[in-house]
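S.K.: What follows is a structure written as structure tokens; I'll ask about it next.
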There are 4 protein chains.
Amino acid sequence: MDRRELKRAVFEANLQLPRLGLVVHTWGNASQIDRGRGEVAIKPSGVAYEGMTAEDIVIVDLDGNIVEGKLNPSSDLATHIRLYRAFACAGGIVHTHSTYATAFAQALREIPCQGTTHADTFFGTIPLTRAMRPEEIFADYEANTGGVIIERFASIDPLHMPGVLVAGHGPFSWGKDAAAAVYASSVLEEVAKMAYLTQTLGGTSKISGELLGKHFFRKHGEGAYYGQ
Amino acid sequence: MDRRELKRAVFEANLQLPRLGLVVHTWGNASQIDRGRGEVAIKPSGVAYEGMTAEDIVIVDLDGNIVEGKLNPSSDLATHIRLYRAFACAGGIVHTHSTYATAFAQALREIPCQGTTHADTFFGTIPLTRAMRPEEIFADYEANTGGVIIERFASIDPLHMPGVLVAGHGPFSWGKDAAAAVYASSVLEEVAKMAYLTQTLGGTSKISGELLGKHFFRKHGEGAYYGQ
Amino acid sequence: MDRRELKRAVFEANLQLPRLGLVVHTWGNASQIDRGRGEVAIKPSGVAYEGMTAEDIVIVDLDGNIVEGKLNPSSDLATHIRLYRAFACAGGIVHTHSTYATAFAQALREIPCQGTTHADTFFGTIPLTRAMRPEEIFADYEANTGGVIIERFASIDPLHMPGVLVAGHGPFSWGKDAAAAVYASSVLEEVAKMAYLTQTLGGTSKISGELLGKHFFRKHGEGAYYGQ
Amino acid sequence: MDRRELKRAVFEANLQLPRLGLVVHTWGNASQIDRGRGEVAIKPSGVAYEGMTAEDIVIVDLDGNIVEGKLNPSSDLATHIRLYRAFACAGGIVHTHSTYATAFAQALREIPCQGTTHADTFFGTIPLTRAMRPEEIFADYEANTGGVIIERFASIDPLHMPGVLVAGHGPFSWGKDAAAAVYASSVLEEVAKMAYLTQTLGGTSKISGELLGKHFFRKHGEGAYYGQ
């Protein structure tokens, strides 16, 4: 995949965010990494989805230096880079302020697995980071946002848990490429909405470990038999 | 109805699911049976609604063997077949993860009849299956999903109750053909949303048996006088 | 207004119901009366909005006899006629199963006036009928539905309160013509949604009588100064 | 900017309100001031968004006298003028009855800052006015609506808090021009929806002052580094 194709993939992934109802205004961004070249393509900062072109996508190296592009990269770039460095399985990353997932992040609640919709994509409770400390906010805020995510994943495999809630902020998600990260972002929002409704109805049960495993591994790994 | 017409009917029914807001991504499937031939037409597994054609619909026999089609049938096929074998009134079946119905399934709550919108289509409480046991999940999971539905209907007439909530999973619905099953699926979601709102407002009353019967039989059976 | 114009007005009003999100499938109907001729035009029963033409609208007299049209009138016709006979101010009537208004009807809760959005159209608490008795359901059900509405309005002026919730069923609304009844129906749904949110947030206050009167009479009656 | 351009800007801003889902029917209005000329352009009263043209926008002076235009200005004009006179930073003003913001106004609850979506635009708790007194309602109601807003901002800088909830009524917002006021109106609605969900999930935490300041000043003031 050359730079032009990489920018095209990131451009298309970003456009999916408002189409799927995950982003209003400019409140989201998708990126994708070329691990061979060590380069990341990402949405430019504060640019409206309408009118944006594939040429507006910015390419940076893993120190955040601009390699190609005339615009400033997303202000969340440093979070993306921290995650790419820590999570080998992440080929694409998405950040949104999607409504229900953000509500859980604001309520400081993780999302337990209460149904198979959740289990099909997230193998267990969707985790929440701790709140950030003042010194983490004052300096290198965006990189430190990545830091609290990585800290929370100390004993979680990001391949089996392609998303997280940042406390008081909102969701990040990832996948093998930008399109897969968008998909995870969309599932996270739908699962958060179902969890909201389930919990406000008084539902507190998690599904069994057997049902969780059955659904997750029906779609992932060597024994998967869903799809073509 | 020849195979071509059967596939067309199932294709159209599947397309209705995202249009009616009942399915996002590939999270649903509709099928229809030709009881004369003993053949079922069903959506292929994991194929996006956009770009799918009537030719992609798969025809199988009642043992699940592919009779016509190049793609794998829905991974939920075995559930559909179990239901067709048990419920003579079912000419079409639909499975979705529609949001409100799934929330009730996750909260492990049945949906009592609290209004005439419900009574027009479902003659009483919409039932919930029991949770599945580990051994039912490990082997023949999809067929056993049909099994717990059938078990729950031991004393319920599926002709008067064209839908069910599978615990921790989501809704299945049926009707005389695939289009009727889609309609039942849509009513189930709307009724679940109304029940959610009613119950979170504190409403606990069911409508009277007289009002339930009046509305259901205004639209069904010999004395029906709704419509043309 | 001749019969052709009357049918056209009723046809257009019916089409507004799904466009405004108040009706799915065939769950609603709008009518309008020509008091000079003593004739009512109403939607045909169970006919889909898509594909319906102005010629499908049915004209009946005030005994419910078909005067013009080839289709059966709405099964709710007798409710409309009872209301036209009792409420001189009603030139058009609408019935829907709109989601939030129906939830209040199912929860057996009236809608108190908690804000100016409500006060602009409904002068006080939106009333709820009593539940219907078995004998009222068994015979002349639709006419008796009108009966419990009229009973509830014994001391309410329908000119100042253009809508009602029928217990366990859903809303009816009215206005000077079918279009005005559609508008009242739309406001009722929006007001019900706001009341749902207000009450589930814990809000219990009604606005003052002064603010209620200010807003209602800013838009209605001799001192109105809203609009052109 | 001449009068024609001013009317065009106000026309476009008004059209954004229904497109963003903030206004149904005619329940909202946007205005913009030309401080050099001392003139305000505002939506005409009760005119439908569909069919409205830029020529229908009314221009008034700061006493409310019509300077240009054939239609009556919005009935809320006096509120806008009071705010323009009091808030030097307001170049545009928007009023809506957007659903979630109105629910908070009806529930008489301010919106605390529970997340960064809020902090990006509103520097702290979104304030609620006191209820208006009978005498404030009977005479000069619309001007007095501006009065209770200004009273509530005695110790709040409107530049850092571009919106307010009027008790029992709904939101007003402002910005450097009409388009910016529309943006603030949209953020206020989305933030209110997130706050509703957060609070009904049981979330009571506010984000830290450090995180609030970081996000607000990342986008505003001299140290801003968001965008191009």
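Letters for chains follow the order of the structure tokens (A, B, ...), residue numbers begin at 1 for each chain, and ligand numbers begin at 1 in the order shown.
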With chain C held fixed, move chain B onto it by a least-squares fit of all C-alpha atoms in order and give the output as a compact mmCIF listing (two decimals) with C-alpha atoms, in the first residue's frame.
M.R.:
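Full text of selection_26.txt as output:
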```txt
# COMPACT_ATOMS: atom_id res chain seq x y z
CA MET B 1 -64.54 23.08 -0.47
CA ASP B 2 -65.88 20.33 -2.68
CA ARG B 3 -65.42 16.62 -2.06
CA ARG B 4 -62.35 16.48 -4.24
CA GLU B 5 -60.65 19.21 -2.23
CA LEU B 6 -61.72 17.60 1.04
CA LYS B 7 -60.18 14.29 0.00
CA ARG B 8 -57.02 16.06 -1.09
CA ALA B 9 -56.71 17.81 2.30
CA VAL B 10 -57.20 14.54 4.17
CA PHE B 11 -54.78 12.73 1.88
CA GLU B 12 -52.06 15.32 2.47
CA ALA B 13 -52.65 15.27 6.23
CA ASN B 14 -52.33 11.49 6.34
CA LEU B 15 -49.06 11.62 4.41
CA GLN B 16 -47.64 14.02 6.97
CA LEU B 17 -47.99 11.44 9.74
CA PRO B 18 -45.16 9.10 8.64
CA ARG B 19 -43.07 12.08 7.48
CA LEU B 20 -43.24 13.58 10.96
CA GLY B 21 -42.31 10.22 12.51
CA LEU B 22 -45.70 9.86 14.18
CA VAL B 23 -46.82 6.72 12.39
CA VAL B 24 -45.12 3.51 11.26
CA HIS B 25 -46.82 0.93 9.05
CA THR B 26 -50.57 1.79 8.99
CA TRP B 27 -50.90 2.78 12.64
CA GLY B 28 -52.67 6.10 12.30
CA ASN B 29 -55.35 8.03 10.52
CA ALA B 30 -56.45 11.59 9.87
CA SER B 31 -59.91 12.85 8.95
CA GLN B 32 -61.65 16.14 8.23
CA ILE B 33 -65.32 17.14 8.40
CA ASP B 34 -67.37 19.28 6.06
CA ARG B 35 -69.96 20.50 8.56
CA GLY B 36 -72.10 22.08 5.86
CA ARG B 37 -72.63 18.77 4.11
CA GLY B 38 -72.35 16.64 7.23
CA GLU B 39 -69.63 14.52 5.63
CA VAL B 40 -66.32 13.21 6.90
CA ALA B 41 -63.33 12.21 4.76
CA ILE B 42 -61.02 9.62 6.34
CA LYS B 43 -58.13 7.28 5.52
CA PRO B 44 -59.10 3.79 4.32
CA SER B 45 -58.44 0.94 6.77
CA GLY B 46 -55.08 -0.84 6.72
CA VAL B 47 -53.86 0.78 3.49
CA ALA B 48 -50.13 1.57 3.30
CA TYR B 49 -49.18 5.25 3.05
CA GLU B 50 -46.87 4.43 0.16
CA GLY B 51 -48.97 3.97 -2.93
CA MET B 52 -52.12 5.48 -1.40
CA THR B 53 -53.76 8.15 -3.60
CA ALA B 54 -56.21 10.93 -2.83
CA GLU B 55 -58.88 8.85 -4.57
CA ASP B 56 -58.49 6.15 -1.88
CA ILE B 57 -59.79 8.53 0.80
CA VAL B 58 -63.31 7.51 1.86
CA ILE B 59 -66.20 9.94 2.43
CA VAL B 60 -68.89 8.97 4.91
CA ASP B 61 -71.91 10.67 6.45
CA LEU B 62 -72.29 11.22 10.19
CA ASP B 63 -73.93 7.81 10.59
CA GLY B 64 -70.84 6.20 9.07
CA ASN B 65 -72.43 5.28 5.74
CA ILE B 66 -70.08 5.48 2.76
CA VAL B 67 -70.99 8.38 0.48
CA GLU B 68 -68.03 8.14 -1.87
CA GLY B 69 -65.12 5.71 -2.18
CA LYS B 70 -64.45 2.06 -2.89
CA LEU B 71 -62.52 1.08 0.22
CA ASN B 72 -63.48 0.41 3.83
CA PRO B 73 -62.94 3.46 6.02
CA SER B 74 -60.54 3.36 8.98
CA SER B 75 -61.67 0.95 11.70
CA ASP B 76 -61.45 3.95 14.04
CA LEU B 77 -64.12 5.85 12.09
CA ALA B 78 -66.74 5.59 14.83
CA THR B 79 -64.37 7.28 17.30
CA HIS B 80 -63.88 10.17 14.91
CA ILE B 81 -67.65 10.57 14.36
CA ARG B 82 -68.39 10.59 18.09
CA LEU B 83 -65.82 13.33 18.57
CA TYR B 84 -67.10 15.43 15.64
CA ARG B 85 -70.60 15.22 17.11
CA ALA B 86 -69.46 16.27 20.57
CA PHE B 87 -66.72 18.82 19.84
CA ALA B 88 -67.96 21.68 17.68
CA CYS B 89 -64.43 23.10 17.45
CA ALA B 90 -63.03 19.95 15.82
CA GLY B 91 -62.71 20.31 12.05
CA GLY B 92 -60.06 17.60 11.76
CA ILE B 93 -59.07 14.62 13.91
CA VAL B 94 -55.90 12.51 14.06
CA HIS B 95 -55.16 9.23 15.80
CA THR B 96 -51.67 7.78 16.09
CA HIS B 97 -49.65 5.36 18.21
CA SER B 98 -46.76 7.83 18.44
CA THR B 99 -44.15 6.40 20.78
CA TYR B 100 -43.86 8.76 23.74
CA ALA B 101 -47.52 9.79 23.89
CA THR B 102 -48.47 6.11 23.79
CA ALA B 103 -46.01 5.37 26.61
CA PHE B 104 -47.81 7.90 28.83
CA ALA B 105 -51.16 6.36 27.83
CA GLN B 106 -49.80 2.90 28.73
CA ALA B 107 -48.34 4.15 32.02
CA LEU B 108 -51.76 5.66 32.82
CA ARG B 109 -50.18 9.06 33.42
CA GLU B 110 -51.48 12.44 32.35
CA ILE B 111 -48.94 14.99 31.09
CA PRO B 112 -48.68 18.03 33.35
CA CYS B 113 -47.49 21.31 31.85
CA GLN B 114 -43.81 21.53 32.71
CA GLY B 115 -42.71 23.97 30.04
CA THR B 116 -43.60 26.58 27.47
CA THR B 117 -43.39 24.15 24.53
CA HIS B 118 -46.42 22.45 26.06
CA ALA B 119 -48.12 25.75 27.01
CA ASP B 120 -47.88 27.08 23.45
CA THR B 121 -50.46 24.48 22.31
CA PHE B 122 -52.08 22.77 25.32
CA PHE B 123 -53.63 24.95 28.02
CA GLY B 124 -52.87 22.74 31.03
CA THR B 125 -52.52 19.05 31.83
CA ILE B 126 -53.10 16.74 28.85
CA PRO B 127 -55.83 14.43 30.15
CA LEU B 128 -56.07 10.63 30.24
CA THR B 129 -59.33 8.73 29.86
CA ARG B 130 -60.42 6.08 32.32
CA ALA B 131 -59.96 2.43 31.30
CA MET B 132 -62.88 1.06 29.31
CA ARG B 133 -65.26 -1.46 30.88
CA PRO B 134 -65.71 -4.96 29.41
CA GLU B 135 -69.19 -4.15 28.06
CA GLU B 136 -67.83 -1.01 26.38
CA ILE B 137 -65.19 -3.14 24.69
CA PHE B 138 -67.45 -6.01 23.59
CA ALA B 139 -69.99 -3.84 21.74
CA ASP B 140 -69.42 -0.62 19.78
CA TYR B 141 -65.83 -0.49 20.93
CA GLU B 142 -64.71 2.31 18.61
CA ALA B 143 -67.72 4.53 19.37
CA ASN B 144 -67.23 3.93 23.08
CA THR B 145 -63.60 4.99 22.73
CA GLY B 146 -65.02 8.35 21.66
CA GLY B 147 -67.37 8.10 24.64
CA VAL B 148 -64.67 7.89 27.28
CA ILE B 149 -62.87 10.82 25.67
CA ILE B 150 -66.02 12.94 25.76
CA GLU B 151 -66.68 11.90 29.36
CA ARG B 152 -63.18 13.05 30.33
CA PHE B 153 -63.81 16.43 28.69
CA ALA B 154 -66.94 17.13 30.75
CA SER B 155 -65.22 20.14 32.28
CA ILE B 156 -62.46 20.73 29.74
CA ASP B 157 -62.79 22.97 26.68
CA PRO B 158 -61.50 21.00 23.64
CA LEU B 159 -60.66 24.30 21.95
CA HIS B 160 -57.98 24.90 24.58
CA MET B 161 -56.95 21.27 24.90
CA PRO B 162 -56.63 19.77 21.41
CA GLY B 163 -55.59 16.27 22.45
CA VAL B 164 -56.08 13.38 24.85
CA LEU B 165 -54.50 10.09 25.87
CA VAL B 166 -56.76 7.02 25.73
CA ALA B 167 -55.73 4.71 28.59
CA GLY B 168 -53.72 1.70 27.42
CA HIS B 169 -54.08 2.79 23.83
CA GLY B 170 -52.66 6.10 22.55
CA PRO B 171 -53.34 9.72 21.58
CA PHE B 172 -56.12 11.43 19.66
CA SER B 173 -55.83 15.09 18.66
CA TRP B 174 -57.90 17.65 16.79
CA GLY B 175 -57.87 21.15 15.29
CA LYS B 176 -59.73 23.40 12.91
CA ASP B 177 -58.90 21.07 10.02
CA ALA B 178 -56.93 17.89 9.38
CA ALA B 179 -53.64 19.77 9.02
CA ALA B 180 -54.14 21.48 12.39
CA ALA B 181 -54.94 18.11 13.98
CA VAL B 182 -51.69 16.73 12.55
CA TYR B 183 -49.84 19.69 14.05
CA ALA B 184 -51.42 19.05 17.47
CA SER B 185 -50.47 15.40 17.17
CA SER B 186 -46.87 16.33 16.46
CA VAL B 187 -46.71 18.76 19.37
CA LEU B 188 -48.25 16.17 21.69
CA GLU B 189 -45.54 13.66 20.80
CA GLU B 190 -42.72 16.18 21.27
CA VAL B 191 -44.22 17.40 24.56
CA ALA B 192 -44.58 13.80 25.74
CA LYS B 193 -40.92 13.15 24.94
CA MET B 194 -39.84 16.26 26.86
CA ALA B 195 -42.08 15.26 29.78
CA TYR B 196 -40.58 11.77 29.79
CA LEU B 197 -37.06 13.18 29.96
CA THR B 198 -38.00 15.81 32.53
CA GLN B 199 -39.65 13.29 34.82
CA THR B 200 -36.94 10.65 34.55
CA LEU B 201 -34.48 13.43 35.50
CA GLY B 202 -36.58 13.90 38.64
CA GLY B 203 -38.34 17.09 37.53
CA THR B 204 -41.76 17.48 39.17
CA SER B 205 -42.54 21.21 38.87
CA LYS B 206 -45.30 22.58 36.71
CA ILE B 207 -44.84 26.04 35.24
CA SER B 208 -46.83 28.84 36.85
CA GLY B 209 -50.35 29.63 35.74
CA GLU B 210 -49.12 33.03 34.60
CA LEU B 211 -46.49 31.53 32.30
CA LEU B 212 -48.96 28.95 31.02
CA GLY B 213 -51.51 31.63 30.17
CA LYS B 214 -48.92 33.97 28.66
CA HIS B 215 -47.66 31.35 26.22
CA PHE B 216 -51.03 29.87 25.29
CA PHE B 217 -52.66 33.23 24.64
CA ARG B 218 -49.60 34.62 22.86
CA LYS B 219 -50.58 32.17 20.11
CA HIS B 220 -54.37 31.78 20.54
CA GLY B 221 -57.41 34.04 20.79
CA GLU B 222 -57.90 37.74 20.34
CA GLY B 223 -54.72 38.94 22.03
CA ALA B 224 -52.43 36.63 20.05
CA TYR B 225 -49.35 38.33 18.65
CA TYR B 226 -47.27 35.37 17.44
CA GLY B 227 -46.82 34.93 13.69
CA GLN B 228 -47.76 37.12 10.76
```
S.K.: Among stretch 43-137 of chain A, which residues does DSSP mark as strand (DSSP E) when it is run on the backbone? Keep the chain and numbering as in the structure and answer as a list in words.
M.R.: Val58, Ile59, Val60, Asp61, Ile66, Val67, Glu68, Gly92, Ile93, Val94, His95 and Thr96 of chain A
S.K.: Among the residues of stretch 1-195 of chain D, find those DSSP assigns to alpha helix (DSSP H) from the backbone and print them as a PyMOL selection string.
M.R.: chain D and resi 3-19+77-86+99-107+116-119+134-138+141-152+178-195
